[in-house]
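**Student:** Take a look at query.csv, CSV, N, CA and C atoms:
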chain,number,residue,atom,x,y,z
K,1,MET,N,-2.1,17.8,-21.1
K,1,MET,CA,-1.6,17.9,-19.8
K,1,MET,C,-0.1,18.1,-19.9
K,2,THR,N,0.5,19.0,-19.1
K,2,THR,CA,1.9,19.2,-19.1
K,2,THR,C,2.6,18.2,-18.1
K,3,VAL,N,3.9,18.1,-18.3
K,3,VAL,CA,4.7,17.3,-17.4
K,3,VAL,C,4.5,17.7,-16.0
K,4,GLN,N,4.5,19.0,-15.7
K,4,GLN,CA,4.4,19.6,-14.4
K,4,GLN,C,3.0,19.2,-13.8
K,5,THR,N,2.0,19.3,-14.6
K,5,THR,CA,0.7,18.9,-14.1
K,5,THR,C,0.6,17.4,-13.8
K,6,LEU,N,1.2,16.6,-14.6
K,6,LEU,CA,1.2,15.2,-14.4
K,6,LEU,C,2.0,14.9,-13.1
K,7,ALA,N,3.1,15.6,-12.9
K,7,ALA,CA,3.9,15.4,-11.7
K,7,ALA,C,3.1,15.7,-10.4
K,8,GLU,N,2.4,16.9,-10.5
K,8,GLU,CA,1.6,17.3,-9.3
K,8,GLU,C,0.4,16.4,-9.1
K,9,THR,N,-0.2,16.0,-10.1
K,9,THR,CA,-1.4,15.1,-10.0
K,9,THR,C,-1.1,13.8,-9.4
K,10,LEU,N,0.0,13.2,-9.8
K,10,LEU,CA,0.4,11.9,-9.4
K,10,LEU,C,1.5,11.9,-8.3
K,11,ASN,N,1.7,13.1,-7.7
K,11,ASN,CA,2.7,13.2,-6.6
K,11,ASN,C,4.1,12.6,-7.0
K,12,LEU,N,4.5,13.0,-8.2
K,12,LEU,CA,5.8,12.5,-8.7
K,12,LEU,C,6.9,13.5,-8.2
K,13,THR,N,8.1,13.0,-7.9
K,13,THR,CA,9.2,13.8,-7.6
K,13,THR,C,9.9,14.2,-8.9
K,14,VAL,N,10.1,15.5,-9.1
K,14,VAL,CA,10.8,16.0,-10.3
K,14,VAL,C,12.3,16.0,-10.0
K,15,LEU,N,13.1,15.2,-10.7
K,15,LEU,CA,14.5,15.1,-10.5
K,15,LEU,C,15.3,16.0,-11.4
K,16,SER,N,14.8,16.2,-12.6
K,16,SER,CA,15.5,17.1,-13.5
K,16,SER,C,14.4,17.6,-14.5
K,17,GLY,N,14.8,18.7,-15.2
K,17,GLY,CA,14.0,19.4,-16.2
K,17,GLY,C,13.6,20.8,-15.8
K,18,ASP,N,14.0,21.7,-16.7
K,18,ASP,CA,13.7,23.1,-16.4
K,18,ASP,C,12.3,23.4,-16.8
K,19,GLU,N,11.9,24.7,-16.9
K,19,GLU,CA,10.6,25.1,-17.2
K,19,GLU,C,10.2,24.6,-18.6
K,20,ALA,N,11.1,24.7,-19.5
K,20,ALA,CA,10.8,24.2,-20.9
K,20,ALA,C,10.4,22.8,-20.9
K,21,ALA,N,11.1,22.0,-20.1
K,21,ALA,CA,10.9,20.5,-20.1
K,21,ALA,C,9.6,20.2,-19.3
K,22,THR,N,9.4,20.9,-18.2
K,22,THR,CA,8.2,20.6,-17.4
K,22,THR,C,6.9,21.2,-17.9
K,23,THR,N,7.0,22.1,-18.9
K,23,THR,CA,5.7,22.6,-19.5
K,23,THR,C,5.4,22.0,-20.8
K,24,ARG,N,6.2,21.0,-21.1
K,24,ARG,CA,6.0,20.2,-22.4
K,24,ARG,C,4.7,19.4,-22.2
K,25,GLU,N,3.9,19.2,-23.3
K,25,GLU,CA,2.7,18.4,-23.2
K,25,GLU,C,3.0,16.9,-23.2
K,26,VAL,N,2.2,16.2,-22.5
K,26,VAL,CA,2.2,14.8,-22.4
K,26,VAL,C,0.9,14.3,-23.1
K,27,THR,N,1.0,13.6,-24.2
K,27,THR,CA,-0.2,13.2,-25.0
K,27,THR,C,-0.4,11.7,-25.0
K,28,GLY,N,0.5,10.9,-24.4
K,28,GLY,CA,0.4,9.5,-24.4
K,28,GLY,C,1.3,8.9,-23.4
K,29,GLY,N,1.6,7.6,-23.5
K,29,GLY,CA,2.5,7.0,-22.6
K,29,GLY,C,3.0,5.7,-23.1
K,30,TYR,N,4.0,5.2,-22.4
K,30,TYR,CA,4.6,3.9,-22.8
K,30,TYR,C,5.2,3.3,-21.5
K,31,CYS,N,5.1,2.0,-21.3
K,31,CYS,CA,5.6,1.4,-20.1
K,31,CYS,C,6.5,0.2,-20.6
K,32,GLY,N,7.8,0.3,-20.3
K,32,GLY,CA,8.7,-0.8,-20.8
K,32,GLY,C,10.1,-0.5,-20.4
K,33,ASP,N,10.9,-1.6,-20.4
K,33,ASP,CA,12.3,-1.5,-20.0
K,33,ASP,C,13.3,-2.0,-21.0
K,34,LEU,N,12.8,-2.5,-22.1
K,34,LEU,CA,13.7,-2.9,-23.2
K,34,LEU,C,13.9,-1.7,-24.1
K,35,LEU,N,15.1,-1.1,-24.0
K,35,LEU,CA,15.4,0.2,-24.7
K,35,LEU,C,15.1,0.2,-26.2
K,36,SER,N,15.4,-0.9,-26.9
K,36,SER,CA,15.2,-0.9,-28.3
K,36,SER,C,13.7,-0.9,-28.6
K,37,TRP,N,12.9,-1.5,-27.8
K,37,TRP,CA,11.4,-1.4,-27.9
K,37,TRP,C,10.9,0.0,-27.7
K,38,VAL,N,11.4,0.6,-26.7
K,38,VAL,CA,11.0,2.0,-26.3
K,38,VAL,C,11.3,2.9,-27.5
K,39,MET,N,12.5,2.8,-28.1
K,39,MET,CA,12.9,3.6,-29.2
K,39,MET,C,11.9,3.4,-30.4
K,40,GLY,N,11.5,2.2,-30.6
K,40,GLY,CA,10.6,2.0,-31.8
K,40,GLY,C,9.1,2.1,-31.5
K,41,ARG,N,8.7,2.1,-30.3
K,41,ARG,CA,7.3,2.1,-30.0
K,41,ARG,C,6.7,3.2,-29.1
K,42,ALA,N,7.5,3.8,-28.3
K,42,ALA,CA,7.0,4.9,-27.5
K,42,ALA,C,6.5,6.1,-28.3
K,43,PRO,N,5.4,6.6,-28.0
K,43,PRO,CA,4.9,7.7,-28.8
K,43,PRO,C,5.6,9.0,-28.5
K,44,ARG,N,5.8,9.8,-29.5
K,44,ARG,CA,6.4,11.2,-29.3
K,44,ARG,C,5.5,11.9,-28.3
K,45,ASP,N,6.1,12.7,-27.4
K,45,ASP,CA,5.4,13.4,-26.4
K,45,ASP,C,4.7,12.5,-25.3
K,46,GLY,N,5.2,11.3,-25.2
K,46,GLY,CA,4.7,10.4,-24.2
K,46,GLY,C,5.4,10.5,-22.9
K,47,ALA,N,4.8,9.9,-21.9
K,47,ALA,CA,5.4,9.7,-20.6
K,47,ALA,C,5.9,8.3,-20.6
K,48,TRP,N,7.1,8.1,-20.4
K,48,TRP,CA,7.7,6.7,-20.4
K,48,TRP,C,7.9,6.3,-18.9
K,49,VAL,N,7.2,5.2,-18.6
K,49,VAL,CA,7.4,4.6,-17.2
K,49,VAL,C,8.3,3.4,-17.3
K,50,THR,N,9.3,3.4,-16.5
K,50,THR,CA,10.4,2.4,-16.5
K,50,THR,C,11.0,2.2,-15.1
K,51,ILE,N,11.7,1.1,-15.0
K,51,ILE,CA,12.5,0.8,-13.8
K,51,ILE,C,14.0,0.9,-14.2
K,52,MET,N,14.3,1.2,-15.5
K,52,MET,CA,15.7,1.3,-15.9
K,52,MET,C,16.3,2.6,-15.4
K,53,SER,N,17.5,2.6,-14.9
K,53,SER,CA,18.0,3.8,-14.3
K,53,SER,C,19.4,4.1,-14.7
K,54,ASN,N,19.8,3.6,-15.9
K,54,ASN,CA,21.2,4.0,-16.3
K,54,ASN,C,21.2,5.1,-17.4
K,55,VAL,N,22.3,5.5,-17.7
K,55,VAL,CA,22.5,6.7,-18.6
K,55,VAL,C,21.8,6.5,-20.0
K,56,ASN,N,21.7,5.3,-20.4
K,56,ASN,CA,21.0,5.1,-21.7
K,56,ASN,C,19.6,5.5,-21.8
K,57,VAL,N,18.9,5.6,-20.6
K,57,VAL,CA,17.5,6.0,-20.5
K,57,VAL,C,17.4,7.5,-21.1
K,58,ALA,N,18.3,8.3,-20.7
K,58,ALA,CA,18.3,9.7,-21.2
K,58,ALA,C,18.5,9.8,-22.7
K,59,ALA,N,19.4,8.9,-23.3
K,59,ALA,CA,19.6,8.9,-24.7
K,59,ALA,C,18.4,8.4,-25.4
K,60,VAL,N,17.7,7.4,-24.9
K,60,VAL,CA,16.5,6.9,-25.6
K,60,VAL,C,15.4,7.9,-25.5
K,61,ALA,N,15.3,8.5,-24.4
K,61,ALA,CA,14.2,9.6,-24.2
K,61,ALA,C,14.4,10.7,-25.3
K,62,GLU,N,15.6,11.0,-25.5
K,62,GLU,CA,15.9,12.1,-26.5
K,62,GLU,C,15.6,11.5,-27.9
K,63,LEU,N,16.1,10.4,-28.2
K,63,LEU,CA,15.8,9.8,-29.6
K,63,LEU,C,14.4,9.6,-29.9
K,64,ALA,N,13.6,9.1,-28.9
K,64,ALA,CA,12.2,8.9,-29.1
K,64,ALA,C,11.3,10.1,-28.9
K,65,ASP,N,11.9,11.2,-28.5
K,65,ASP,CA,11.3,12.5,-28.3
K,65,ASP,C,10.2,12.4,-27.2
K,66,ILE,N,10.5,11.8,-26.1
K,66,ILE,CA,9.7,11.5,-25.0
K,66,ILE,C,9.5,12.8,-24.2
K,67,SER,N,8.3,13.1,-23.7
K,67,SER,CA,8.1,14.3,-22.8
K,67,SER,C,8.7,14.1,-21.5
K,68,CYS,N,8.6,12.9,-20.9
K,68,CYS,CA,9.2,12.7,-19.6
K,68,CYS,C,9.5,11.2,-19.3
K,69,VAL,N,10.4,11.0,-18.5
K,69,VAL,CA,10.7,9.6,-18.0
K,69,VAL,C,10.3,9.5,-16.5
K,70,ILE,N,9.5,8.5,-16.2
K,70,ILE,CA,9.1,8.3,-14.8
K,70,ILE,C,9.8,7.0,-14.3
K,71,LEU,N,10.6,7.1,-13.3
K,71,LEU,CA,11.2,6.0,-12.7
K,71,LEU,C,10.2,5.5,-11.7
K,72,ALA,N,9.8,4.2,-11.9
K,72,ALA,CA,8.7,3.6,-11.0
K,72,ALA,C,9.4,2.8,-9.9
K,73,GLU,N,8.6,2.4,-8.9
K,73,GLU,CA,8.9,1.5,-7.8
K,73,GLU,C,10.0,2.1,-6.9
K,74,GLY,N,10.2,3.4,-6.9
K,74,GLY,CA,11.2,4.0,-6.0
K,74,GLY,C,12.6,3.9,-6.5
K,75,VAL,N,12.7,3.5,-7.8
K,75,VAL,CA,14.1,3.4,-8.4
K,75,VAL,C,14.7,4.8,-8.5
K,76,SER,N,16.0,4.9,-8.1
K,76,SER,CA,16.7,6.1,-8.2
K,76,SER,C,17.6,6.1,-9.4
K,77,PRO,N,17.8,7.2,-10.1
K,77,PRO,CA,18.7,7.2,-11.2
K,77,PRO,C,20.2,7.0,-10.7
K,78,ASP,N,21.0,6.3,-11.6
K,78,ASP,CA,22.4,6.3,-11.2
K,78,ASP,C,23.0,7.7,-11.6
K,79,ALA,N,24.1,8.0,-11.0
K,79,ALA,CA,24.7,9.4,-11.2
K,79,ALA,C,24.9,9.8,-12.7
K,80,PRO,N,25.3,8.9,-13.6
K,80,PRO,CA,25.5,9.4,-15.0
K,80,PRO,C,24.1,9.7,-15.6
K,81,LEU,N,23.1,8.9,-15.2
K,81,LEU,CA,21.7,9.3,-15.8
K,81,LEU,C,21.3,10.6,-15.3
K,82,LEU,N,21.4,10.9,-14.0
K,82,LEU,CA,20.9,12.2,-13.5
K,82,LEU,C,21.7,13.3,-14.1
K,83,GLU,N,23.0,13.1,-14.3
K,83,GLU,CA,23.9,14.1,-14.9
K,83,GLU,C,23.5,14.4,-16.3
K,84,ARG,N,23.2,13.4,-17.1
K,84,ARG,CA,22.8,13.5,-18.5
K,84,ARG,C,21.5,14.1,-18.6
K,85,ALA,N,20.5,13.7,-17.7
K,85,ALA,CA,19.2,14.3,-17.8
K,85,ALA,C,19.2,15.8,-17.5
K,86,VAL,N,20.0,16.2,-16.6
K,86,VAL,CA,20.2,17.6,-16.3
K,86,VAL,C,20.8,18.3,-17.5
K,87,THR,N,21.9,17.8,-18.0
K,87,THR,CA,22.6,18.4,-19.1
K,87,THR,C,21.8,18.5,-20.3
K,88,GLU,N,21.0,17.5,-20.6
K,88,GLU,CA,20.2,17.4,-21.9
K,88,GLU,C,18.7,17.9,-21.6
K,89,ASN,N,18.4,18.4,-20.4
K,89,ASN,CA,17.1,18.9,-20.0
K,89,ASN,C,16.0,17.9,-20.3
K,90,VAL,N,16.3,16.6,-19.9
K,90,VAL,CA,15.2,15.6,-19.9
K,90,VAL,C,14.5,15.6,-18.6
K,91,ALA,N,13.1,15.7,-18.7
K,91,ALA,CA,12.3,15.7,-17.5
K,91,ALA,C,12.3,14.3,-17.0
K,92,LEU,N,13.0,14.1,-15.8
K,92,LEU,CA,13.1,12.9,-15.1
K,92,LEU,C,12.4,12.9,-13.8
K,93,LEU,N,11.4,12.0,-13.7
K,93,LEU,CA,10.5,12.0,-12.5
K,93,LEU,C,10.7,10.7,-11.8
K,94,GLN,N,10.2,10.6,-10.6
K,94,GLN,CA,10.3,9.4,-9.7
K,94,GLN,C,9.0,9.2,-8.9
K,95,SER,N,8.7,7.9,-8.8
K,95,SER,CA,7.5,7.5,-8.0
K,95,SER,C,7.8,6.2,-7.2
K,96,PRO,N,7.2,6.1,-6.1
K,96,PRO,CA,7.3,4.8,-5.3
K,96,PRO,C,6.4,3.8,-5.9
K,97,GLU,N,5.4,4.2,-6.7
K,97,GLU,CA,4.4,3.3,-7.1
K,97,GLU,C,4.9,2.3,-8.2
K,98,PRO,N,4.2,1.1,-8.3
K,98,PRO,CA,4.6,0.2,-9.4
K,98,PRO,C,4.3,0.7,-10.8
K,99,ALA,N,5.0,0.3,-11.8
K,99,ALA,CA,4.8,0.7,-13.1
K,99,ALA,C,3.4,0.5,-13.6
K,100,PHE,N,2.8,-0.6,-13.3
K,100,PHE,CA,1.4,-1.0,-13.7
K,100,PHE,C,0.4,0.1,-13.1
K,101,THR,N,0.6,0.4,-11.9
K,101,THR,CA,-0.3,1.4,-11.3
K,101,THR,C,-0.1,2.8,-11.9
K,102,LEU,N,1.1,3.2,-12.2
K,102,LEU,CA,1.4,4.5,-12.8
K,102,LEU,C,0.8,4.5,-14.2
K,103,ALA,N,1.0,3.4,-15.0
K,103,ALA,CA,0.5,3.4,-16.3
K,103,ALA,C,-1.1,3.5,-16.3
K,104,GLY,N,-1.7,2.9,-15.4
K,104,GLY,CA,-3.2,3.0,-15.3
K,104,GLY,C,-3.6,4.4,-15.0
K,105,LYS,N,-2.9,5.0,-14.1
K,105,LYS,CA,-3.3,6.4,-13.7
K,105,LYS,C,-3.1,7.4,-14.8
K,106,ILE,N,-1.9,7.2,-15.6
K,106,ILE,CA,-1.7,8.1,-16.7
K,106,ILE,C,-2.7,7.9,-17.8
K,107,TYR,N,-3.0,6.6,-18.0
K,107,TYR,CA,-4.1,6.3,-19.1
K,107,TYR,C,-5.4,7.0,-18.7
K,108,ALA,N,-5.8,6.9,-17.4
K,108,ALA,CA,-7.0,7.5,-17.0
K,108,ALA,C,-7.0,9.0,-17.1
K,109,LEU,N,-5.9,9.6,-16.8
K,109,LEU,CA,-5.8,11.1,-16.9
K,109,LEU,C,-5.8,11.6,-18.3
K,110,LEU,N,-5.3,10.8,-19.3
K,110,LEU,CA,-5.2,11.2,-20.7
K,110,LEU,C,-6.4,10.8,-21.5
K,111,SER,N,-7.3,10.0,-20.9
K,111,SER,CA,-8.4,9.5,-21.7
K,111,SER,C,-9.6,10.4,-21.6
When written as C-alpha cells, how does the structure in this file appear?
**Tutor:**
Amino acid sequence: MTVQTLAETLNLTVLSGDEAATTREVTGGYCGDLLSWVMGRAPRDGAWVTIMSNVNVAAVAELADISCVILAEGVSPDAPLLERAVTENVALLQSPEPAFTLAGKIYALLS
C-alpha cells in the first residue's frame, strides 16, 4: 500500500510530501513518541504514528527511513517541522483520531 492510498483510506490530511514521497510503499508501522526508541525500532518503510510535533520528528523519520509520519489526535506540526518536512520531502500526515485507533487501522490494512 502506498502512502497516498493509506492517506485516502484513513482520511488523513497530507501536510507535506511530493509524488515520490506519497507513492512510497508502506509495509509496516510503529507507534511511539520517544525518538530514540523510534530510531532503533521503527521498521524501514513503516508508517510512524506519533503526537510529537517538533523538528526532530523529520530528522528521525529520515534516519529510520520511515515512509510517512502520521500526527495523531489532531496535533499540528510546529513551523520548523513543517518546513523541514517540505524541504526534505518527508511525507507528513495528520489525523484527528487517537494513536491507538490509527495503529489498529493500519495493522488491519497491512495484515
**Student:** Determine, counting only C-alpha atoms, which protein, DNA and RNA residues have an atom within 9 Å of an atom of K:Met39; residues of the same chain fewer than 5 positions away are not included. Present the result as a PyMOL selection string.
**Tutor:** chain K and resi 34+60-61+63-64
**Student:** I'd like the interatomic distance between atom CA of K:Asn89 and atom CA of K:Gly40, to a tenth of an Å.
**Tutor:**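 Value for the atom CA of K:Asn89-atom CA of K:Gly40 distance: 21.6 Å.
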**Student:** Using only C-alpha atoms, pick whichever of K:Ala42, K:Val55, K:Ala7, K:Val75 has the shortest atom-to-atom distance to K:Pro96.
**Tutor:** K:Val75
**Student:** Pick out the closest residue to K:Ala58 from this set: K:Lys105, K:Arg44, K:Arg24, K:Arg84. Count only C-alpha atoms.
**Tutor:**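 With only C-alpha atoms as the atom set, the closest residue is K:Arg84.
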**Student:** So which one's closest to K:Cys68, K:Leu82, K:Thr101, K:Asp45, K:Leu12? Using only N, CA and C atoms, please.
**Tutor:**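 Comparing K:Leu82, K:Thr101, K:Asp45, K:Leu12 against K:Cys68, the winner is K:Asp45.
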**Student:** Name the residues in contact with K:Asp78 at a cut-off of 6 Å, using all atoms listed in the file, excluding same-chain residues fewer than 2 positions from it; report them as a ChimeraX atom specification.
**Tutor:** /K:53-54,76,80-82
**Student:** Between atom C of K:Val86 and atom N of K:Gly28, what is the spacing in Å?
**Tutor:** 22.7 Å
**Student:** Which residue, K:Glu62, K:Ala85, K:Ala91, K:Ala79, has the smallest gap to K:Ala20 when you use all atoms listed in the file?
**Tutor:**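 Closest to K:Ala20 of all the choices is K:Ala91.
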**Student:** When DSSP works through the backbone of this structure, what residues of stretch 24-53 of chain K end up as alpha helix (DSSP H), shown as a PyMOL selection string?
**Tutor:** chain K and resi 35-41
**Student:** May I have the residues at most 8 Å from (6.2, 10.7, -5.7) in the file's coordinates, counting all atoms listed in the file, as a list in words?
**Tutor:**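 Checked against the point, the hits come out as Ala7, Leu10, Asn11, Leu12, Thr13, Val14, Leu93, Gln94, Ser95, Pro96 and Glu97 of chain K.
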**Student:** Expressed in Å to a single decimal, how great is the separation between atom N of K:Thr5 and atom CA of K:Trp48?
**Tutor:**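 It comes out at 15.0 Å.
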**Student:** Find the residue from K:Leu15, K:Gly29, K:Thr9, K:Gln4 that sits nearest to K:Tyr107; use only N, CA and C atoms when measuring.
**Tutor:**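 When distances to K:Tyr107 are compared using only N, CA and C atoms, the smallest one comes from K:Gly29.
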**Student:** Extract, using all atoms listed in the file, all DNA, RNA and protein residues at most 7 Å from K:Arg41, discarding same-chain residues fewer than 4 positions from it, and format them as number ranges by chain.
**Tutor:** K: 30, 36-37
**Student:** Can you pull out every residue from chain K that DSSP, working from the backbone, puts in strand (DSSP E or B), and format the result as a list of chain:residue names?
**Tutor:**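 Residues meeting the strand (DSSP E or B) criterion: K:Thr2, K:Thr13, K:Val14, K:Leu15, K:Ser16, K:Glu25, K:Gly28, K:Gly29, K:Tyr30, K:Cys31, K:Gly46, K:Ala47, K:Trp48, K:Val49, K:Thr50, K:Cys68, K:Val69, K:Ile70, K:Leu71, K:Leu92, K:Leu93, K:Gln94.
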